[in-house]
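Here is query34.cif, consisting of mmCIF, C-alpha atoms:
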data_input
loop_
_atom_site.label_atom_id
_atom_site.label_comp_id
_atom_site.auth_asym_id
_atom_site.auth_seq_id
_atom_site.Cartn_x
_atom_site.Cartn_y
_atom_site.Cartn_z
CA MET A 1 -2.80 -22.57 29.88
CA ARG A 2 -4.58 -23.99 26.86
CA LYS A 3 -7.81 -22.39 28.05
CA ILE A 4 -6.14 -18.98 28.29
CA PHE A 5 -4.71 -19.49 24.80
CA GLN A 6 -8.15 -20.14 23.35
CA GLN A 7 -9.49 -17.07 25.14
CA GLU A 8 -6.69 -15.01 23.62
CA LEU A 9 -7.44 -16.32 20.13
CA THR A 10 -11.09 -15.41 20.61
CA GLU A 11 -10.04 -11.95 21.77
CA LEU A 12 -7.86 -11.61 18.66
CA GLY A 13 -10.80 -12.50 16.44
CA ASP A 14 -13.04 -10.04 18.29
CA ASP A 15 -10.50 -7.22 17.92
CA LEU A 16 -10.10 -7.88 14.20
CA LEU A 17 -13.86 -7.86 13.77
CA ALA A 18 -14.22 -4.61 15.72
CA MET A 19 -11.37 -3.08 13.67
CA SER A 20 -13.01 -4.13 10.40
CA HIS A 21 -16.29 -2.51 11.51
CA LYS A 22 -14.43 0.75 12.24
CA VAL A 23 -12.77 0.64 8.81
CA ALA A 24 -16.01 -0.10 6.97
CA GLU A 25 -17.68 2.80 8.78
CA ALA A 26 -14.76 5.12 7.96
CA VAL A 27 -15.10 4.27 4.27
CA ARG A 28 -18.87 4.77 4.36
CA VAL A 29 -18.68 8.13 6.15
CA ALA A 30 -15.77 9.33 3.97
CA GLY A 31 -17.92 8.60 0.92
CA GLU A 32 -20.85 10.52 2.41
CA ALA A 33 -18.55 13.44 3.28
CA LEU A 34 -17.40 13.51 -0.33
CA ARG A 35 -20.84 13.21 -1.91
CA GLU A 36 -22.46 15.72 0.47
CA ALA A 37 -19.45 18.06 0.92
CA ASP A 38 -19.99 17.52 4.65
CA ILE A 39 -16.94 18.69 6.60
CA GLU A 40 -18.21 17.34 9.95
CA LYS A 41 -18.28 13.85 8.46
CA ALA A 42 -14.81 14.36 6.94
CA GLU A 43 -13.44 15.43 10.34
CA ARG A 44 -15.06 12.41 11.96
CA VAL A 45 -13.24 10.04 9.59
CA ILE A 46 -9.93 11.84 10.09
CA ASP A 47 -10.25 11.71 13.89
CA ALA A 48 -11.36 8.06 13.90
CA ASP A 49 -8.23 6.89 12.08
CA ASN A 50 -6.13 7.11 15.25
CA ARG A 51 -8.38 4.51 16.84
CA ILE A 52 -7.89 2.24 13.82
CA ASP A 53 -4.11 2.63 14.09
CA GLU A 54 -4.30 1.74 17.80
CA TYR A 55 -6.12 -1.46 16.86
CA GLU A 56 -3.26 -2.43 14.54
CA ASP A 57 -0.66 -1.79 17.25
CA SER A 58 -2.50 -3.83 19.86
CA ILE A 59 -3.35 -6.67 17.46
CA GLU A 60 0.24 -6.94 16.24
CA ALA A 61 1.51 -6.90 19.83
CA MET A 62 -1.04 -9.56 20.77
CA CYS A 63 0.00 -11.76 17.82
CA LEU A 64 3.70 -11.45 18.64
CA SER A 65 3.01 -12.30 22.26
CA LEU A 66 0.92 -15.32 21.23
CA LEU A 67 3.66 -16.58 18.91
CA ALA A 68 6.29 -16.16 21.61
CA ARG A 69 4.35 -17.63 24.54
CA GLN A 70 2.08 -20.21 22.94
CA GLN A 71 4.04 -21.25 19.84
CA PRO A 72 0.84 -22.13 17.99
CA VAL A 73 0.76 -24.63 15.13
CA ALA A 74 -1.67 -25.57 12.35
CA THR A 75 -4.96 -23.63 12.43
CA ASP A 76 -3.95 -21.61 15.49
CA LEU A 77 -0.75 -20.49 13.76
CA ARG A 78 -2.73 -19.52 10.67
CA LEU A 79 -5.08 -17.53 12.88
CA VAL A 80 -2.24 -15.53 14.41
CA VAL A 81 -0.37 -14.95 11.14
CA SER A 82 -3.58 -14.00 9.35
CA GLY A 83 -4.39 -11.66 12.22
CA MET A 84 -1.14 -9.78 11.73
CA ARG A 85 -1.68 -9.53 7.99
CA LEU A 86 -5.32 -8.52 8.26
CA SER A 87 -4.64 -5.80 10.81
CA ALA A 88 -1.99 -4.31 8.49
CA THR A 89 -4.45 -4.40 5.57
CA LEU A 90 -7.22 -2.83 7.66
CA GLU A 91 -4.86 -0.11 8.90
CA ARG A 92 -4.01 0.78 5.30
CA MET A 93 -7.71 0.89 4.40
CA GLY A 94 -8.25 3.32 7.28
CA ASP A 95 -5.49 5.52 5.85
CA LEU A 96 -7.17 5.51 2.44
CA ALA A 97 -10.53 6.48 3.97
CA ARG A 98 -8.70 9.30 5.79
CA HIS A 99 -7.13 10.43 2.50
CA VAL A 100 -10.58 10.62 0.89
CA ALA A 101 -11.82 12.65 3.88
CA TYR A 102 -8.82 15.01 3.66
CA MET A 103 -9.73 15.83 0.10
CA SER A 104 -13.36 16.63 0.94
CA ARG A 105 -12.13 18.84 3.76
CA ALA A 106 -9.58 20.57 1.53
CA ARG A 107 -12.29 21.53 -1.01
CA TYR A 108 -15.01 22.40 1.49
CA PRO A 109 -17.48 24.12 1.06
CA GLU A 110 -17.12 23.15 -2.61
CA GLN A 111 -17.44 19.69 -4.09
CA VAL A 112 -14.13 18.04 -5.10
CA CYS A 113 -15.28 18.38 -8.70
CA GLU A 114 -18.42 18.71 -10.83
CA GLY A 115 -20.35 17.09 -13.65
CA PRO A 116 -19.76 13.55 -14.93
CA MET A 117 -16.49 13.16 -12.99
CA PHE A 118 -18.26 13.96 -9.71
CA ASP A 119 -20.97 11.42 -10.57
CA LEU A 120 -18.35 8.79 -11.33
CA ILE A 121 -16.38 9.45 -8.13
CA SER A 122 -19.66 9.32 -6.16
CA GLU A 123 -20.44 5.99 -7.81
CA MET A 124 -17.00 4.70 -6.77
CA THR A 125 -17.57 5.75 -3.15
CA GLU A 126 -20.76 3.65 -3.18
CA TYR A 127 -18.85 0.65 -4.54
CA ALA A 128 -16.09 1.15 -1.95
CA THR A 129 -18.68 1.34 0.85
CA ASP A 130 -20.39 -1.77 -0.47
CA ILE A 131 -17.28 -3.93 -0.80
CA THR A 132 -15.68 -2.90 2.51
CA SER A 133 -18.95 -3.58 4.35
CA GLU A 134 -18.54 -7.24 3.32
CA LEU A 135 -15.30 -7.62 5.27
CA PRO A 136 -16.80 -7.60 8.79
CA ARG A 137 -19.42 -10.06 7.55
CA LEU A 138 -16.63 -12.33 6.27
CA LEU A 139 -14.57 -12.03 9.46
CA ASP A 140 -17.63 -12.80 11.54
CA SER A 141 -18.99 -15.73 9.52
CA HIS A 142 -15.85 -17.20 7.85
CA ASP A 143 -18.27 -17.81 4.95
CA LEU A 144 -16.04 -18.09 1.87
CA GLU A 145 -18.97 -17.27 -0.40
CA ILE A 146 -18.57 -13.71 0.93
CA ALA A 147 -14.88 -13.81 -0.08
CA ALA A 148 -15.94 -14.76 -3.62
CA GLU A 149 -18.54 -11.97 -3.56
CA ILE A 150 -15.83 -9.49 -2.53
CA ARG A 151 -13.68 -10.49 -5.50
CA ARG A 152 -16.67 -10.02 -7.81
CA LYS A 153 -17.52 -6.62 -6.32
CA ASP A 154 -13.95 -5.41 -6.83
CA ASP A 155 -14.63 -5.55 -10.58
CA ASN A 156 -17.06 -2.62 -10.15
CA LEU A 157 -14.24 -0.42 -8.85
CA ASP A 158 -11.74 -1.59 -11.46
CA GLU A 159 -14.22 -0.95 -14.27
CA ALA A 160 -15.18 2.47 -12.85
CA LEU A 161 -11.50 3.41 -12.55
CA LYS A 162 -11.03 2.69 -16.25
CA ARG A 163 -14.02 4.91 -17.09
CA ALA A 164 -12.58 7.63 -14.85
CA PHE A 165 -9.26 7.61 -16.71
CA GLU A 166 -11.01 7.61 -20.06
CA LEU A 167 -12.95 10.67 -18.90
CA LEU A 168 -9.82 12.34 -17.52
CA ASN A 169 -7.96 11.94 -20.78
CA VAL A 170 -10.65 13.71 -22.79
CA GLU A 171 -9.37 17.30 -22.98
CA GLN A 172 -12.90 18.40 -23.87
CA VAL A 173 -14.30 17.35 -20.48
CA GLU A 174 -14.35 20.62 -18.56
CA LEU A 175 -12.24 20.21 -15.42
CA LYS A 176 -10.09 22.67 -13.50
CA ARG A 177 -6.50 21.64 -12.93
CA HIS A 178 -7.07 20.88 -9.24
CA GLU A 179 -10.16 18.86 -10.16
CA VAL A 180 -8.03 16.64 -12.38
CA VAL A 181 -5.48 16.22 -9.56
CA ASP A 182 -8.20 15.40 -7.03
CA ALA A 183 -9.98 13.01 -9.40
CA VAL A 184 -6.80 11.04 -10.12
CA LEU A 185 -6.02 10.65 -6.42
CA LEU A 186 -9.60 9.95 -5.30
CA THR A 187 -10.29 7.32 -7.95
CA ARG A 188 -6.95 5.69 -7.15
CA PHE A 189 -7.67 5.65 -3.38
CA LEU A 190 -11.14 4.18 -3.94
CA GLU A 191 -9.85 1.50 -6.30
CA ARG A 192 -7.12 0.61 -3.79
CA LEU A 193 -9.78 0.16 -1.10
CA GLY A 194 -11.22 -2.57 -3.30
CA ASP A 195 -7.80 -4.19 -3.78
CA HIS A 196 -7.12 -4.23 -0.04
CA THR A 197 -10.56 -5.70 0.64
CA VAL A 198 -9.77 -8.50 -1.83
CA SER A 199 -6.42 -8.95 -0.11
CA GLY A 200 -8.26 -9.30 3.22
CA ALA A 201 -10.68 -11.78 1.65
CA ASN A 202 -7.75 -13.86 0.37
CA ARG A 203 -6.24 -13.86 3.85
CA MET A 204 -9.49 -15.10 5.32
CA GLU A 205 -9.61 -17.83 2.70
CA TYR A 206 -6.12 -18.85 3.74
CA LEU A 207 -7.23 -18.86 7.37
CA VAL A 208 -10.17 -21.13 6.63
CA THR A 209 -8.64 -23.42 4.01
CA GLY A 210 -4.91 -23.19 4.73
CA ASP A 211 -4.46 -22.49 1.05
CA LEU A 212 -2.35 -19.36 0.79
CA ASP A 213 -3.15 -17.05 -2.11
CA LEU A 214 -0.73 -14.13 -2.14
CA SER A 215 -2.10 -12.62 -5.33
CA VAL A 216 -3.10 -9.41 -3.64
CA THR A 217 -1.70 -7.12 -6.32
CA GLU A 218 -3.87 -4.74 -8.29
CA ASN A 219 -6.40 -6.16 -10.70
CA VAL A 220 -6.09 -3.20 -13.00
CA GLY A 221 -2.65 -3.02 -14.59
CA LEU A 222 -1.84 0.65 -14.96
CA GLU A 223 -0.93 0.08 -18.59
CA GLU A 224 -4.64 -0.37 -19.18
CA PHE A 225 -5.49 3.20 -18.38
CA VAL A 226 -2.43 5.41 -18.66
CA ASP A 227 -2.44 4.96 -22.41
CA MET B 228 17.74 -29.79 14.46
CA ARG B 229 18.97 -26.55 15.94
CA LYS B 230 21.73 -26.44 13.32
CA ILE B 231 19.21 -26.84 10.50
CA PHE B 232 17.13 -24.06 12.07
CA GLN B 233 20.08 -21.67 12.06
CA GLN B 234 20.81 -22.59 8.44
CA GLU B 235 17.19 -21.81 7.55
CA LEU B 236 17.35 -18.43 9.30
CA THR B 237 20.53 -17.63 7.37
CA GLU B 238 18.78 -18.65 4.16
CA LEU B 239 15.85 -16.39 5.05
CA GLY B 240 18.22 -13.45 5.54
CA ASP B 241 19.96 -14.22 2.25
CA ASP B 242 16.66 -14.35 0.36
CA LEU B 243 15.50 -11.05 1.84
CA LEU B 244 18.81 -9.45 0.90
CA ALA B 245 18.61 -10.80 -2.65
CA MET B 246 15.01 -9.61 -2.92
CA SER B 247 15.95 -6.12 -1.70
CA HIS B 248 18.70 -5.94 -4.33
CA LYS B 249 16.18 -6.86 -7.04
CA VAL B 250 13.78 -4.17 -5.81
CA ALA B 251 16.47 -1.49 -5.61
CA GLU B 252 17.55 -2.35 -9.15
CA ALA B 253 13.94 -2.24 -10.38
CA VAL B 254 13.52 1.26 -8.92
CA ARG B 255 16.83 2.42 -10.44
CA VAL B 256 16.07 1.04 -13.91
CA ALA B 257 12.45 2.30 -13.82
CA GLY B 258 13.83 5.78 -13.09
CA GLU B 259 16.26 5.51 -16.00
CA ALA B 260 13.49 4.29 -18.29
CA LEU B 261 11.44 7.34 -17.32
CA ARG B 262 14.24 9.90 -17.66
CA GLU B 263 15.56 8.42 -20.92
CA ALA B 264 12.20 7.33 -22.41
CA ASP B 265 13.87 3.91 -22.81
CA ILE B 266 11.25 1.24 -23.47
CA GLU B 267 13.73 -1.66 -23.20
CA LYS B 268 14.49 -0.63 -19.65
CA ALA B 269 10.78 -0.23 -18.91
CA GLU B 270 10.10 -3.75 -20.22
CA ARG B 271 12.97 -5.12 -18.14
CA VAL B 272 11.43 -3.71 -14.94
CA ILE B 273 7.98 -5.03 -15.84
CA ASP B 274 9.34 -8.52 -16.58
CA ALA B 275 11.52 -8.59 -13.45
CA ASP B 276 8.55 -7.99 -11.13
CA ASN B 277 7.42 -11.61 -11.42
CA ARG B 278 10.71 -12.69 -9.90
CA ILE B 279 10.19 -10.25 -7.01
CA ASP B 280 6.70 -11.67 -6.42
CA GLU B 281 8.15 -15.20 -6.37
CA TYR B 282 10.57 -14.10 -3.66
CA GLU B 283 7.66 -12.93 -1.53
CA ASP B 284 5.81 -16.22 -1.97
CA SER B 285 8.85 -18.33 -1.08
CA ILE B 286 9.87 -16.12 1.85
CA GLU B 287 6.37 -16.15 3.32
CA ALA B 288 6.16 -19.94 2.89
CA MET B 289 9.57 -20.31 4.53
CA CYS B 290 8.53 -18.11 7.47
CA LEU B 291 5.28 -20.02 8.01
CA SER B 292 7.16 -23.30 7.88
CA LEU B 293 9.74 -22.02 10.37
CA LEU B 294 7.02 -20.83 12.75
CA ALA B 295 5.22 -24.17 12.53
CA ARG B 296 8.24 -26.49 12.79
CA GLN B 297 10.70 -24.55 14.94
CA GLN B 298 8.42 -22.37 17.08
CA PRO B 299 11.09 -19.70 17.42
CA VAL B 300 11.18 -17.26 20.35
CA ALA B 301 12.93 -13.98 21.14
CA THR B 302 15.34 -12.80 18.41
CA ASP B 303 14.60 -15.78 16.15
CA LEU B 304 10.89 -15.02 16.31
CA ARG B 305 11.54 -11.38 15.48
CA LEU B 306 13.65 -12.49 12.53
CA VAL B 307 10.84 -14.61 11.11
CA VAL B 308 8.07 -12.07 11.71
CA SER B 309 10.21 -9.24 10.32
CA GLY B 310 10.98 -11.43 7.33
CA MET B 311 7.30 -11.80 6.54
CA ARG B 312 6.70 -8.07 6.90
CA LEU B 313 9.76 -7.05 4.92
CA SER B 314 8.97 -9.36 2.03
CA ALA B 315 5.47 -7.85 1.81
CA THR B 316 6.94 -4.33 1.83
CA LEU B 317 9.52 -5.24 -0.82
CA GLU B 318 6.85 -6.85 -2.99
CA ARG B 319 4.83 -3.63 -2.87
CA MET B 320 7.92 -1.59 -3.78
CA GLY B 321 8.41 -3.86 -6.80
CA ASP B 322 4.82 -3.14 -7.85
CA LEU B 323 5.43 0.61 -7.60
CA ALA B 324 8.58 0.34 -9.73
CA ARG B 325 6.53 -1.65 -12.26
CA HIS B 326 3.85 1.09 -12.25
CA VAL B 327 6.49 3.71 -13.03
CA ALA B 328 7.78 1.51 -15.86
CA TYR B 329 4.24 1.03 -17.23
CA MET B 330 3.87 4.78 -17.54
CA SER B 331 7.14 5.21 -19.45
CA ARG B 332 6.07 2.40 -21.75
CA ALA B 333 2.61 3.89 -22.27
CA ARG B 334 4.08 7.23 -23.40
CA TYR B 335 6.94 5.83 -25.45
CA PRO B 336 8.51 7.23 -27.61
CA GLU B 337 7.52 10.46 -25.87
CA GLN B 338 8.51 11.58 -22.40
CA VAL B 339 5.75 11.30 -19.76
CA CYS B 340 5.72 15.09 -19.66
CA GLU B 341 7.89 18.12 -20.39
CA GLY B 342 9.39 21.22 -18.81
CA PRO B 343 9.64 21.85 -15.07
CA MET B 344 7.33 18.94 -14.21
CA PHE B 345 9.56 16.51 -16.10
CA ASP B 346 12.60 17.89 -14.27
CA LEU B 347 10.85 17.48 -10.91
CA ILE B 348 9.72 13.92 -11.65
CA SER B 349 13.26 13.09 -12.80
CA GLU B 350 14.59 14.52 -9.55
CA MET B 351 12.15 12.31 -7.63
CA THR B 352 13.30 9.19 -9.50
CA GLU B 353 16.86 9.99 -8.38
CA TYR B 354 15.71 10.33 -4.76
CA ALA B 355 13.75 7.08 -5.01
CA THR B 356 16.79 5.28 -6.45
CA ASP B 357 18.98 6.72 -3.71
CA ILE B 358 16.75 5.80 -0.76
CA THR B 359 15.85 2.30 -1.98
CA SER B 360 19.54 1.51 -2.60
CA GLU B 361 20.06 1.95 1.17
CA LEU B 362 17.74 -0.96 2.00
CA PRO B 363 20.05 -3.80 0.87
CA ARG B 364 22.88 -2.07 2.73
CA LEU B 365 20.72 -2.01 5.88
CA LEU B 366 19.60 -5.63 5.51
CA ASP B 367 23.22 -6.70 4.98
CA SER B 368 24.81 -4.71 7.80
CA HIS B 369 21.99 -4.28 10.35
CA ASP B 370 23.58 -0.86 10.87
CA LEU B 371 20.83 1.30 12.35
CA GLU B 372 22.63 4.46 11.25
CA ILE B 373 21.49 3.49 7.75
CA ALA B 374 17.90 3.26 9.04
CA ALA B 375 18.21 6.81 10.36
CA GLU B 376 19.70 7.89 7.02
CA ILE B 377 16.72 6.35 5.21
CA ARG B 378 14.29 8.35 7.32
CA ARG B 379 16.24 11.53 6.54
CA LYS B 380 16.33 10.78 2.81
CA ASP B 381 12.57 10.26 2.73
CA ASP B 382 12.22 14.00 3.45
CA ASN B 383 13.61 14.69 -0.06
CA LEU B 384 10.71 12.82 -1.63
CA ASP B 385 8.11 14.36 0.66
CA GLU B 386 9.40 17.86 -0.05
CA ALA B 387 9.58 17.20 -3.80
CA LEU B 388 6.01 15.87 -3.76
CA LYS B 389 4.81 19.12 -2.22
CA ARG B 390 6.59 21.10 -4.95
CA ALA B 391 5.03 18.85 -7.56
CA PHE B 392 1.52 19.54 -6.28
CA GLU B 393 2.21 23.26 -6.07
CA LEU B 394 3.31 23.11 -9.71
CA LEU B 395 0.30 21.00 -10.71
CA ASN B 396 -2.13 23.45 -9.18
CA VAL B 397 -0.79 26.40 -11.18
CA GLU B 398 -3.15 26.55 -14.17
CA GLN B 399 -0.53 28.65 -15.99
CA VAL B 400 1.99 25.78 -16.07
CA GLU B 401 1.49 24.35 -19.54
CA LEU B 402 0.56 20.66 -19.21
CA LYS B 403 -1.65 18.44 -21.35
CA ARG B 404 -4.44 16.65 -19.50
CA HIS B 405 -2.69 13.29 -19.70
CA GLU B 406 0.53 14.91 -18.44
CA VAL B 407 -1.31 16.07 -15.33
CA VAL B 408 -2.73 12.57 -14.80
CA ASP B 409 0.69 10.95 -15.28
CA ALA B 410 2.43 13.47 -13.03
CA VAL B 411 -0.03 12.93 -10.17
CA LEU B 412 0.38 9.15 -10.36
CA LEU B 413 4.15 9.16 -10.88
CA THR B 414 4.90 11.58 -8.05
CA ARG B 415 2.59 9.58 -5.79
CA PHE B 416 4.28 6.25 -6.69
CA LEU B 417 7.75 7.71 -6.14
CA GLU B 418 6.79 9.23 -2.78
CA ARG B 419 5.26 5.90 -1.72
CA LEU B 420 8.54 4.16 -2.57
CA GLY B 421 10.12 6.39 0.08
CA ASP B 422 7.40 5.57 2.62
CA HIS B 423 7.81 1.83 2.08
CA THR B 424 11.58 2.12 2.41
CA VAL B 425 11.09 3.88 5.75
CA SER B 426 8.65 1.14 6.73
CA GLY B 427 11.32 -1.45 5.90
CA ALA B 428 13.89 0.51 7.89
CA ASN B 429 11.54 0.56 10.90
CA ARG B 430 11.10 -3.19 10.60
CA MET B 431 14.85 -3.69 10.60
CA GLU B 432 15.11 -1.48 13.67
CA TYR B 433 12.55 -3.70 15.36
CA LEU B 434 14.54 -6.76 14.33
CA VAL B 435 17.74 -5.38 15.82
CA THR B 436 16.36 -3.66 18.93
CA GLY B 437 13.10 -5.52 19.56
CA ASP B 438 11.46 -2.12 19.78
CA LEU B 439 8.46 -2.20 17.45
CA ASP B 440 7.69 1.05 15.66
CA LEU B 441 4.55 0.64 13.56
CA SER B 442 4.49 4.26 12.41
CA VAL B 443 4.80 3.33 8.77
CA THR B 444 2.11 5.70 7.55
CA GLU B 445 2.81 8.49 5.11
CA ASN B 446 4.92 11.42 6.25
CA VAL B 447 3.07 13.80 4.00
CA GLY B 448 -0.53 14.24 5.08
CA LEU B 449 -2.55 14.75 1.91
CA GLU B 450 -4.16 17.82 3.44
CA GLU B 451 -0.81 19.50 2.96
CA PHE B 452 -0.97 19.39 -0.80
CA VAL B 453 -4.51 18.94 -2.02
CA ASP B 454 -5.36 22.48 -0.95
#

Re-express the file's structure as structure tokens.
Amino acid sequence: MRKIFQQELTELGDDLLAMSHKVAEAVRVAGEALREADIEKAERVIDADNRIDEYEDSIEAMCLSLLARQQPVATDLRLVVSGMRLSATLERMGDLARHVAYMSRARYPEQVCEGPMFDLISEMTEYATDITSELPRLLDSHDLEIAAEIRRKDDNLDEALKRAFELLNVEQVELKRHEVVDAVLLTRFLERLGDHTVSGANRMEYLVTGDLDLSVTENVGLEEFVD
Amino acid sequence: MRKIFQQELTELGDDLLAMSHKVAEAVRVAGEALREADIEKAERVIDADNRIDEYEDSIEAMCLSLLARQQPVATDLRLVVSGMRLSATLERMGDLARHVAYMSRARYPEQVCEGPMFDLISEMTEYATDITSELPRLLDSHDLEIAAEIRRKDDNLDEALKRAFELLNVEQVELKRHEVVDAVLLTRFLERLGDHTVSGANRMEYLVTGDLDLSVTENVGLEEFVD
């Protein structure tokens, strides 16, 4: 019984790791689709999101079943609860990657926008790819130094978002109406990918240390950039 | 022991209900602040969000403690797991209400925008107030007809969001750059409030029926309105 339980916990960890790899890849490919105006890559991200959603369903079902049958305590309980939380966070990250891909597809064959705003959005896709790629490493190693690194890397996205809104609020910067709309949504989605990655890192820290940090809200207060 | 457990489950339900009332009020007052350009109301929403976050922390801690000490099964387990999920959803809704309030405050003493876009955003704040006010009623009564009503009411926000993006993409509609930025964010926040309310309704349905519906993703695919 105990042996089966441990096997199931291992399976849970493996599924979360596999899910985090799928999400990191979705973010990477969505960024490439955006930078290269590559509709095949955009379609690939959109199609792959179903698989990510299936992971959440099966992981949540597995966690509920584990709680009901095994009634875990201590570290095992943290593992199951963290698993439920992490799968929900990863599912949301998959949605955001899909949103980014939708916008590349909607503008194809054109770029979502041009000039300095395009450069800034491209920069943010690189940051989003970089930070989300840390999550599988963290899930695999449980190395909390990676969690700290994730929190540091989120600053890149927060700082870039502020620059984006400064740029957007300059009437002189030449942007079509739909480019403004796309830029607001894209920069928001990319910044949220950073927030969710930090949220996942905090969950992993809780898993390892038992010290629950629920401060998974946004690092950038909107008041800082809607002014 | 069992008696204490039942008392704790009742307490959990009471806390979730109280939290949902706070969130519904935050959404209502944030909408008023926006429609009336009332900075006192905006400040009230912003200040009240800390209390909502505290509810999430205490509810999550209570749920973890219940899982560890009481190892609930069946309906009791569903109650605890749903409690964790619902508190996370409610916390996020509080953040969105705070975001709306930030934007009123940032534009004060002016309105966030003018003309038909202001009317549409105002309409969306009414829909958001309406749908979120159903959540405490659902948590209190466990009446699944209210859950169905919530799903129906979310269509108002989805449909209004589409109209907003149609309006935004008409270059002829006179809007300052910052009005476009605000309108994109505000309409997105308000539509997300609907999505999270539906997510909460689905969780309650799971609690009552045991039938888990994880389809809490957005009803409006972005591809429908970024074109």

Contact set, chain A to chain B: 8 Å, all atoms listed in the file, as a VMD selection string: chain A and resid 57 67 to 68 71 to 74 77 95 99 102 to 103 106 to 107 168 to 171 176 to 178 180 to 182 184 to 185 214 217 222 to 223 226 to 227

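Here atom CA of A:Met93 stands at a distance of 10.5 Å from atom CA of A:Ala128.
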
Enter the distance from atom CA of B:Glu361 to atom CA of B:Cys340, in Å, rounded to one decimal. 28.5 Å

Could you spell out the hits of the PyMOL selection byres ((chain B and resi 238) around 12) on the shown file, as a PyMOL selection string? chain B and resi 231-237+239-245+285-286+289-290+293+306-307+310

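Here atom CA of B:Val425 stands at a distance of 24.8 Å from atom CA of A:Met19.
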
For the structure shown, which residues end up in the PyMOL selection byres ((chain B and resi 387) around 9)? Put them as number ranges by chain, please? B: 347-348, 350-351, 382-386, 388-392, 414, 418

Expanded to explicit residues, what is the PyMOL selection byres ((chain B and resi 379) around 12) for this file, as a ChimeraX atom specification? /B:354,357-358,361,372-378,380-386,421-422,424-425,428,446

Which centre and which edge lengths, in Å to one decimal, describe the axis-aligned box that holds all listed atoms of stretch 237-247 of chain B after 6 Å is added on each side, as JSON?
{"center_x": 17.8, "center_y": -12.4, "center_z": 2.2, "size_x": 17.5, "size_y": 24.5, "size_z": 22.3}
